[in-house]
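Visitor: Input structure: start-v7.cif, which contains mmCIF, C-alpha atoms.
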```
data_target
loop_
_atom_site.group_PDB
_atom_site.id
_atom_site.type_symbol
_atom_site.label_atom_id
_atom_site.label_comp_id
_atom_site.auth_asym_id
_atom_site.auth_seq_id
_atom_site.Cartn_x
_atom_site.Cartn_y
_atom_site.Cartn_z
ATOM 1 C CA MET A 115 -4.922 -38.792 -164.705
ATOM 2 C CA ILE A 116 -4.177 -42.551 -164.684
ATOM 3 C CA SER A 117 -7.069 -44.998 -164.411
ATOM 4 C CA GLN A 118 -7.156 -47.879 -161.958
ATOM 5 C CA ARG A 119 -7.123 -50.312 -164.866
ATOM 6 C CA ARG A 120 -3.921 -48.822 -166.338
ATOM 7 C CA VAL A 121 -2.200 -48.749 -162.947
ATOM 8 C CA ILE A 122 -3.056 -52.390 -162.177
ATOM 9 C CA ARG A 123 -1.947 -53.548 -165.632
ATOM 10 C CA ARG A 124 1.384 -51.720 -165.353
ATOM 11 C CA ILE A 125 2.051 -53.109 -161.866
ATOM 12 C CA LYS A 126 1.398 -56.627 -163.148
ATOM 13 C CA ASN A 127 3.977 -56.079 -165.903
ATOM 14 C CA LEU A 128 6.502 -54.698 -163.402
ATOM 15 C CA SER A 129 5.926 -57.698 -161.097
ATOM 16 C CA GLN A 130 6.664 -60.099 -163.926
ATOM 17 C CA GLN A 131 9.793 -58.176 -164.945
ATOM 18 C CA LEU A 132 11.093 -58.056 -161.365
ATOM 19 C CA SER A 133 10.402 -61.780 -160.884
ATOM 20 C CA ARG A 134 12.574 -62.561 -163.916
ATOM 21 C CA GLU A 135 15.365 -60.171 -162.995
ATOM 22 C CA TYR A 136 15.568 -61.162 -159.320
ATOM 23 C CA GLN A 137 15.164 -64.916 -159.876
ATOM 24 C CA GLY A 138 17.569 -66.725 -157.542
ATOM 25 C CA CYS A 139 18.458 -63.582 -155.588
ATOM 26 C CA ASN A 140 17.874 -62.966 -151.909
ATOM 27 C CA VAL A 141 16.216 -59.601 -152.562
ATOM 28 C CA LEU A 142 15.073 -57.238 -149.823
ATOM 29 C CA ILE A 143 12.259 -55.008 -151.007
ATOM 30 C CA ILE A 144 12.084 -51.805 -148.986
ATOM 31 C CA GLY A 145 8.914 -49.751 -149.180
ATOM 32 C CA VAL A 146 9.082 -46.050 -148.452
ATOM 33 C CA LEU A 147 6.148 -45.265 -146.180
ATOM 34 C CA LYS A 148 3.541 -44.117 -146.311
ATOM 35 C CA GLY A 149 2.959 -43.548 -149.984
ATOM 36 C CA SER A 150 4.350 -46.792 -151.379
ATOM 37 C CA PHE A 151 2.336 -49.278 -149.322
ATOM 38 C CA ILE A 152 -0.495 -49.834 -151.828
ATOM 39 C CA PHE A 153 1.864 -50.011 -154.811
ATOM 40 C CA MET A 154 4.258 -52.325 -152.970
ATOM 41 C CA ALA A 155 1.488 -54.671 -151.826
ATOM 42 C CA ASP A 156 0.202 -55.087 -155.372
ATOM 43 C CA LEU A 157 3.740 -55.386 -156.728
ATOM 44 C CA ILE A 158 4.853 -58.212 -154.425
ATOM 45 C CA ARG A 159 1.520 -60.067 -154.712
ATOM 46 C CA GLY A 160 2.191 -60.236 -158.443
ATOM 47 C CA MET A 161 5.731 -61.574 -158.069
ATOM 48 C CA SER A 162 6.475 -65.263 -158.525
ATOM 49 C CA ILE A 163 9.667 -65.391 -156.432
ATOM 50 C CA PRO A 164 10.252 -65.292 -152.683
ATOM 51 C CA VAL A 165 11.062 -61.837 -151.350
ATOM 52 C CA GLU A 166 11.779 -60.275 -147.990
ATOM 53 C CA CYS A 167 10.033 -57.000 -147.193
ATOM 54 C CA GLY A 168 10.897 -54.079 -144.982
ATOM 55 C CA PHE A 169 9.751 -50.511 -144.579
ATOM 56 C CA ILE A 170 11.325 -47.168 -143.897
ATOM 57 C CA GLN A 171 9.872 -43.721 -143.498
ATOM 58 C CA ALA A 172 11.374 -40.876 -145.447
ATOM 59 C CA SER A 173 10.073 -37.452 -146.193
ATOM 60 C CA SER A 174 11.126 -34.071 -147.469
ATOM 61 C CA TYR A 175 7.614 -32.643 -147.093
ATOM 62 C CA ASP A 176 6.202 -30.847 -144.116
ATOM 63 C CA ARG A 177 2.465 -30.186 -144.350
ATOM 64 C CA GLY A 178 1.288 -29.117 -147.785
ATOM 65 C CA THR A 179 2.480 -29.539 -151.344
ATOM 66 C CA LYS A 180 6.033 -28.120 -151.345
ATOM 67 C CA SER A 181 9.209 -29.998 -150.435
ATOM 68 C CA SER A 182 11.080 -28.604 -147.436
ATOM 69 C CA GLY A 183 14.405 -29.769 -148.902
ATOM 70 C CA ARG A 184 15.322 -31.518 -145.624
ATOM 71 C CA VAL A 185 15.212 -35.337 -145.866
ATOM 72 C CA ARG A 186 14.333 -37.364 -142.779
ATOM 73 C CA ILE A 187 14.753 -41.184 -142.824
ATOM 74 C CA SER A 188 13.853 -43.673 -140.112
ATOM 75 C CA GLY A 189 13.703 -47.456 -139.978
ATOM 76 C CA LEU A 190 16.954 -48.416 -141.725
ATOM 77 C CA GLU A 191 18.434 -49.517 -138.405
ATOM 78 C CA ARG A 192 15.864 -52.356 -138.192
ATOM 79 C CA LEU A 193 16.860 -53.879 -141.553
ATOM 80 C CA THR A 194 19.736 -56.192 -142.517
ATOM 81 C CA ILE A 195 21.319 -54.336 -145.426
ATOM 82 C CA ARG A 196 24.978 -55.457 -145.676
ATOM 83 C CA GLY A 197 25.649 -57.620 -148.740
ATOM 84 C CA ARG A 198 22.003 -57.604 -149.869
ATOM 85 C CA GLU A 199 20.282 -56.961 -153.177
ATOM 86 C CA ILE A 200 17.964 -54.052 -152.343
ATOM 87 C CA LEU A 201 14.932 -52.889 -154.317
ATOM 88 C CA VAL A 202 13.516 -49.624 -153.000
ATOM 89 C CA VAL A 203 9.828 -49.190 -153.816
ATOM 90 C CA GLU A 204 8.568 -45.614 -153.927
ATOM 91 C CA ASP A 205 5.258 -44.049 -154.897
ATOM 92 C CA ILE A 206 6.747 -41.065 -156.743
ATOM 93 C CA ILE A 207 10.136 -39.576 -157.478
ATOM 94 C CA ASP A 208 9.799 -35.822 -157.611
ATOM 95 C CA THR A 209 12.887 -33.711 -156.839
ATOM 96 C CA GLY A 210 14.869 -36.900 -156.230
ATOM 97 C CA LEU A 211 16.337 -35.515 -152.987
ATOM 98 C CA THR A 212 14.625 -38.101 -150.773
ATOM 99 C CA MET A 213 15.562 -41.039 -152.986
ATOM 100 C CA LYS A 214 19.144 -39.857 -153.349
ATOM 101 C CA GLU A 215 19.475 -39.782 -149.569
ATOM 102 C CA ILE A 216 17.872 -43.233 -149.206
ATOM 103 C CA VAL A 217 20.227 -44.771 -151.785
ATOM 104 C CA ARG A 218 23.235 -43.056 -150.181
ATOM 105 C CA ASN A 219 22.281 -44.461 -146.771
ATOM 106 C CA LEU A 220 21.730 -47.989 -148.122
ATOM 107 C CA LYS A 221 25.113 -48.001 -149.870
ATOM 108 C CA ARG A 222 26.801 -46.627 -146.755
ATOM 109 C CA ARG A 223 25.277 -49.566 -144.823
ATOM 110 C CA GLY A 224 26.878 -52.028 -147.243
ATOM 111 C CA ALA A 225 24.126 -52.944 -149.714
ATOM 112 C CA ARG A 226 25.482 -55.098 -152.538
ATOM 113 C CA ARG A 227 23.285 -53.352 -155.107
ATOM 114 C CA VAL A 228 20.440 -50.839 -154.830
ATOM 115 C CA LYS A 229 17.768 -50.412 -157.489
ATOM 116 C CA ILE A 230 14.666 -48.229 -157.482
ATOM 117 C CA CYS A 231 11.122 -49.100 -158.526
ATOM 118 C CA ALA A 232 8.737 -46.143 -158.633
ATOM 119 C CA LEU A 233 5.092 -46.067 -159.577
ATOM 120 C CA LEU A 234 5.458 -42.482 -160.809
ATOM 121 C CA ASP A 235 8.310 -40.279 -161.977
ATOM 122 C CA LYS A 236 8.066 -36.491 -162.273
ATOM 123 C CA PRO A 237 11.302 -35.518 -164.072
ATOM 124 C CA ALA A 238 10.266 -31.864 -164.531
ATOM 125 C CA ARG A 239 10.992 -31.265 -160.826
ATOM 126 C CA ARG A 240 14.240 -33.268 -160.568
ATOM 127 C CA LYS A 241 17.079 -31.662 -158.621
ATOM 128 C CA THR A 242 19.392 -34.715 -158.630
ATOM 129 C CA ASP A 243 20.643 -37.331 -161.069
ATOM 130 C CA ILE A 244 18.439 -40.085 -159.532
ATOM 131 C CA HIS A 245 16.213 -42.067 -161.910
ATOM 132 C CA PRO A 246 14.112 -45.187 -161.300
ATOM 133 C CA ASP A 247 15.400 -48.493 -162.651
ATOM 134 C CA TYR A 248 11.809 -49.738 -162.939
ATOM 135 C CA LEU A 249 8.975 -47.310 -163.614
ATOM 136 C CA GLY A 250 5.223 -47.337 -163.810
ATOM 137 C CA PHE A 251 4.498 -43.958 -165.410
ATOM 138 C CA THR A 252 6.168 -40.632 -166.193
ATOM 139 C CA VAL A 253 3.870 -37.804 -165.075
ATOM 140 C CA PRO A 254 3.650 -34.039 -165.572
ATOM 141 C CA ASP A 255 4.399 -31.454 -162.891
ATOM 142 C CA ARG A 256 1.157 -31.632 -160.913
ATOM 143 C CA PHE A 257 0.486 -32.510 -157.296
ATOM 144 C CA LEU A 258 -0.757 -36.090 -157.528
ATOM 145 C CA VAL A 259 -2.963 -38.109 -155.181
ATOM 146 C CA GLY A 260 -4.463 -41.577 -155.069
ATOM 147 C CA PHE A 261 -3.088 -45.099 -155.070
ATOM 148 C CA GLY A 262 -1.185 -44.303 -151.884
ATOM 149 C CA LEU A 263 -0.199 -40.722 -152.686
ATOM 150 C CA ASP A 264 -1.688 -38.121 -150.379
ATOM 151 C CA TRP A 265 -2.225 -34.464 -149.782
ATOM 152 C CA ASP A 266 -2.062 -33.770 -146.049
ATOM 153 C CA GLU A 267 -2.964 -37.452 -145.360
ATOM 154 C CA LYS A 268 -6.043 -37.335 -147.609
ATOM 155 C CA TYR A 269 -6.876 -39.188 -150.854
ATOM 156 C CA ARG A 270 -4.511 -42.182 -150.424
ATOM 157 C CA GLU A 271 -7.491 -44.519 -150.827
ATOM 158 C CA LEU A 272 -8.377 -43.411 -154.357
ATOM 159 C CA PRO A 273 -8.019 -46.416 -156.714
ATOM 160 C CA PHE A 274 -6.518 -44.249 -159.475
ATOM 161 C CA VAL A 275 -3.966 -41.423 -159.767
ATOM 162 C CA GLY A 276 -5.487 -37.972 -159.877
ATOM 163 C CA TYR A 277 -4.227 -34.467 -159.208
ATOM 164 C CA ILE A 278 -4.997 -31.481 -157.004
ATOM 165 C CA LYS A 279 -5.817 -28.261 -158.865
#
```
Represent the supplied structure as structure tokens.

Guide:
Amino acid sequence: MISQRRVIRRIKNLSQQLSREYQGCNVLIIGVLKGSFIFMADLIRGMSIPVECGFIQASSYDRGTKSSGRVRISGLERLTIRGREILVVEDIIDTGLTMKEIVRNLKRRGARRVKICALLDKPARRKTDIHPDYLGFTVPDRFLVGFGLDWDEKYRELPFVGYIK
């Protein structure tokens, strides 16, 4: 669906934009595991400013391709959030339920400002008013894999974004 070349080029552009916008800030970039790790690594390697990185795990999926609707988050307790500029890096925003819960938790823990950077956005499935502040690509309602996205822990290693039929 999206070639490796297009993905890499878009991430480079996002890295440059984030470097400009967060210049002089003490930004904490939080990757949502597991899906964001490839995107986040490429994103921060392309940035020209110092950043601090952390990771959380959040999921609303059990096994398979349908969201359970229940959001589970772990790892926030290990991060210093209060008074910080936070950039949450996510592989894909689908229903928005997971991201809404992440943002709610970060604000409750005293984040100064929370912004979202997503590689992919699937607005056709949105159930909340959450939208990424920085976006790679808007995608159709398909189950996507590759570039960190998986199906039952498979296909994360694909260097492009594809879909499961």

Visitor: Evaluate the PyMOL selection byres ((chain A and resi 271) around 7) and record the selected residues as a PyMOL selection string, following the chain and residue labels used in the document.

Guide: chain A and resi 260-262+269-270+272-273

Visitor: Take atom CA of Asp205 of chain A and atom CA of Gly138 of chain A and report the distance between them in Å, one decimal.

Guide: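 Between these atoms lies a distance of 25.9 Å.
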
Visitor: On this structure, which residues satisfy the PyMOL selection byres ((chain A and resi 131) around 12), written as JSON, numbers by chain?

Guide: {"A": [124, 125, 126, 127, 128, 129, 130, 132, 133, 134, 135, 136, 137, 157, 158, 160, 161, 162, 163, 231, 247, 248, 249, 250]}

Visitor: Which of these, A:Asp156, A:Glu267, A:Glu199, A:Glu191, has the shortest distance to Ala225 of chain A once you count all atoms listed in the file?

Guide: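 Under the stated criterion, the closest residue is A:Glu199.
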
Visitor: Between atom CA of Val217 of chain A and atom CA of Gly197 of chain A, what is the distance in Å, rounded to a tenth?

Guide: 14.3 Å

Visitor: For the PyMOL selection byres ((chain A and resi 169) around 9), applied here, can you spell out every residue it catches as a tab-separated table (two decimals) with C-alpha atoms, in the coordinates of the input?

Guide:
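Okay, out06.tsv is ready:
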```
chain	number	residue	atom	x	y	z
A	143	ILE	CA	12.26	-55.01	-151.01
A	144	ILE	CA	12.08	-51.80	-148.99
A	145	GLY	CA	8.91	-49.75	-149.18
A	146	VAL	CA	9.08	-46.05	-148.45
A	147	LEU	CA	6.15	-45.26	-146.18
A	151	PHE	CA	2.34	-49.28	-149.32
A	167	CYS	CA	10.03	-57.00	-147.19
A	168	GLY	CA	10.90	-54.08	-144.98
A	170	ILE	CA	11.32	-47.17	-143.90
A	171	GLN	CA	9.87	-43.72	-143.50
A	189	GLY	CA	13.70	-47.46	-139.98
A	190	LEU	CA	16.95	-48.42	-141.72
A	193	LEU	CA	16.86	-53.88	-141.55
```

Visitor: Quick one, how far is atom CA of Val121 of chain A from atom CA of Trp265 of chain A?

Guide: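 Between these atoms lies a distance of 19.4 Å.
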
Visitor: Measuring atom to atom with all atoms listed in the file, identify which of A:Val202, A:Ile244, A:Met115, A:Ala172 is nearest to Val141 of chain A.

Guide: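 Smallest distance to Val141 of chain A is found for A:Val202.
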
Visitor: What would the list of residues within 12 Å of (5.0, -40.1, -158.3) (file frame) look like as a VMD selection string, if only C-alpha atoms are what count?

Guide: chain A and resid 115 to 116 149 to 150 153 203 to 210 213 231 to 240 245 to 246 249 to 264 275 to 277

Visitor: Filtering to C-alpha atoms, could you give me those residues as a short mmCIF file (atom, residue, chain, number, x, y, z; two decimals), keeping the file's coordinate frame?

Guide:
```
data_model
loop_
_atom_site.label_atom_id
_atom_site.label_comp_id
_atom_site.auth_asym_id
_atom_site.auth_seq_id
_atom_site.Cartn_x
_atom_site.Cartn_y
_atom_site.Cartn_z
CA MET A 115 -4.92 -38.79 -164.70
CA ILE A 116 -4.18 -42.55 -164.68
CA GLY A 149 2.96 -43.55 -149.98
CA SER A 150 4.35 -46.79 -151.38
CA PHE A 153 1.86 -50.01 -154.81
CA VAL A 203 9.83 -49.19 -153.82
CA GLU A 204 8.57 -45.61 -153.93
CA ASP A 205 5.26 -44.05 -154.90
CA ILE A 206 6.75 -41.06 -156.74
CA ILE A 207 10.14 -39.58 -157.48
CA ASP A 208 9.80 -35.82 -157.61
CA THR A 209 12.89 -33.71 -156.84
CA GLY A 210 14.87 -36.90 -156.23
CA MET A 213 15.56 -41.04 -152.99
CA CYS A 231 11.12 -49.10 -158.53
CA ALA A 232 8.74 -46.14 -158.63
CA LEU A 233 5.09 -46.07 -159.58
CA LEU A 234 5.46 -42.48 -160.81
CA ASP A 235 8.31 -40.28 -161.98
CA LYS A 236 8.07 -36.49 -162.27
CA PRO A 237 11.30 -35.52 -164.07
CA ALA A 238 10.27 -31.86 -164.53
CA ARG A 239 10.99 -31.26 -160.83
CA ARG A 240 14.24 -33.27 -160.57
CA HIS A 245 16.21 -42.07 -161.91
CA PRO A 246 14.11 -45.19 -161.30
CA LEU A 249 8.98 -47.31 -163.61
CA GLY A 250 5.22 -47.34 -163.81
CA PHE A 251 4.50 -43.96 -165.41
CA THR A 252 6.17 -40.63 -166.19
CA VAL A 253 3.87 -37.80 -165.08
CA PRO A 254 3.65 -34.04 -165.57
CA ASP A 255 4.40 -31.45 -162.89
CA ARG A 256 1.16 -31.63 -160.91
CA PHE A 257 0.49 -32.51 -157.30
CA LEU A 258 -0.76 -36.09 -157.53
CA VAL A 259 -2.96 -38.11 -155.18
CA GLY A 260 -4.46 -41.58 -155.07
CA PHE A 261 -3.09 -45.10 -155.07
CA GLY A 262 -1.18 -44.30 -151.88
CA LEU A 263 -0.20 -40.72 -152.69
CA ASP A 264 -1.69 -38.12 -150.38
CA VAL A 275 -3.97 -41.42 -159.77
CA GLY A 276 -5.49 -37.97 -159.88
CA TYR A 277 -4.23 -34.47 -159.21
#
```

Visitor: Box time for segment 123-129 of chain A: axis-aligned, enclosing all its listed atoms, 4 Å extra on each side; report centre and edge lengths in Å to one decimal, as lines of an AutoDock Vina configuration file.

Guide:
```
center_x = 2.3
center_y = -54.7
center_z = -163.5
size_x = 16.4
size_y = 14.0
size_z = 12.8
```

Visitor: Since the input lacks some atoms of segment 186-207 of chain A, please model N, CA and C atoms and print them as a compact mmCIF listing (two decimals), keeping the file's coordinate frame.

Guide:
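So the final result, stored in out-v7.txt, reads:
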```txt
# COMPACT_ATOMS: atom_id res chain seq x y z
N ARG A 186 14.32 -36.61 -144.04
CA ARG A 186 14.33 -37.36 -142.78
C ARG A 186 14.06 -38.83 -143.10
N ILE A 187 14.90 -39.74 -142.59
CA ILE A 187 14.75 -41.18 -142.82
C ILE A 187 14.77 -41.90 -141.48
N SER A 188 13.83 -42.82 -141.31
CA SER A 188 13.85 -43.67 -140.11
C SER A 188 13.50 -45.10 -140.52
N GLY A 189 14.02 -46.05 -139.75
CA GLY A 189 13.70 -47.46 -139.98
C GLY A 189 14.83 -48.28 -140.57
N LEU A 190 15.84 -47.66 -141.13
CA LEU A 190 16.95 -48.42 -141.72
C LEU A 190 17.67 -49.27 -140.69
N GLU A 191 17.72 -48.80 -139.46
CA GLU A 191 18.43 -49.52 -138.40
C GLU A 191 17.80 -50.87 -138.08
N ARG A 192 16.55 -51.08 -138.46
CA ARG A 192 15.86 -52.36 -138.19
C ARG A 192 16.07 -53.38 -139.31
N LEU A 193 16.73 -53.00 -140.39
CA LEU A 193 16.86 -53.88 -141.55
C LEU A 193 18.29 -54.38 -141.72
N THR A 194 18.43 -55.63 -142.20
CA THR A 194 19.74 -56.19 -142.52
C THR A 194 20.07 -55.82 -143.96
N ILE A 195 21.00 -54.92 -144.12
CA ILE A 195 21.32 -54.34 -145.43
C ILE A 195 22.61 -54.91 -146.02
N ARG A 196 23.64 -55.09 -145.20
CA ARG A 196 24.98 -55.46 -145.68
C ARG A 196 24.95 -56.69 -146.59
N GLY A 197 25.52 -56.53 -147.79
CA GLY A 197 25.65 -57.62 -148.74
C GLY A 197 24.37 -58.00 -149.47
N ARG A 198 23.31 -57.24 -149.29
CA ARG A 198 22.00 -57.60 -149.87
C ARG A 198 21.73 -56.91 -151.19
N GLU A 199 20.90 -57.57 -152.00
CA GLU A 199 20.28 -56.96 -153.18
C GLU A 199 19.08 -56.18 -152.64
N ILE A 200 19.03 -54.89 -152.87
CA ILE A 200 17.96 -54.05 -152.34
C ILE A 200 17.16 -53.46 -153.50
N LEU A 201 15.84 -53.57 -153.40
CA LEU A 201 14.93 -52.89 -154.32
C LEU A 201 14.10 -51.93 -153.48
N VAL A 202 14.28 -50.64 -153.71
CA VAL A 202 13.52 -49.62 -153.00
C VAL A 202 12.26 -49.33 -153.81
N VAL A 203 11.10 -49.44 -153.16
CA VAL A 203 9.83 -49.19 -153.82
C VAL A 203 9.28 -47.86 -153.32
N GLU A 204 9.02 -46.97 -154.24
CA GLU A 204 8.57 -45.61 -153.93
C GLU A 204 7.32 -45.28 -154.74
N ASP A 205 6.45 -44.46 -154.17
CA ASP A 205 5.26 -44.05 -154.90
C ASP A 205 5.60 -43.09 -156.04
N ILE A 206 6.41 -42.06 -155.72
CA ILE A 206 6.75 -41.06 -156.74
C ILE A 206 8.14 -40.50 -156.49
N ILE A 207 8.87 -40.29 -157.56
CA ILE A 207 10.14 -39.58 -157.48
C ILE A 207 9.89 -38.20 -158.08
```
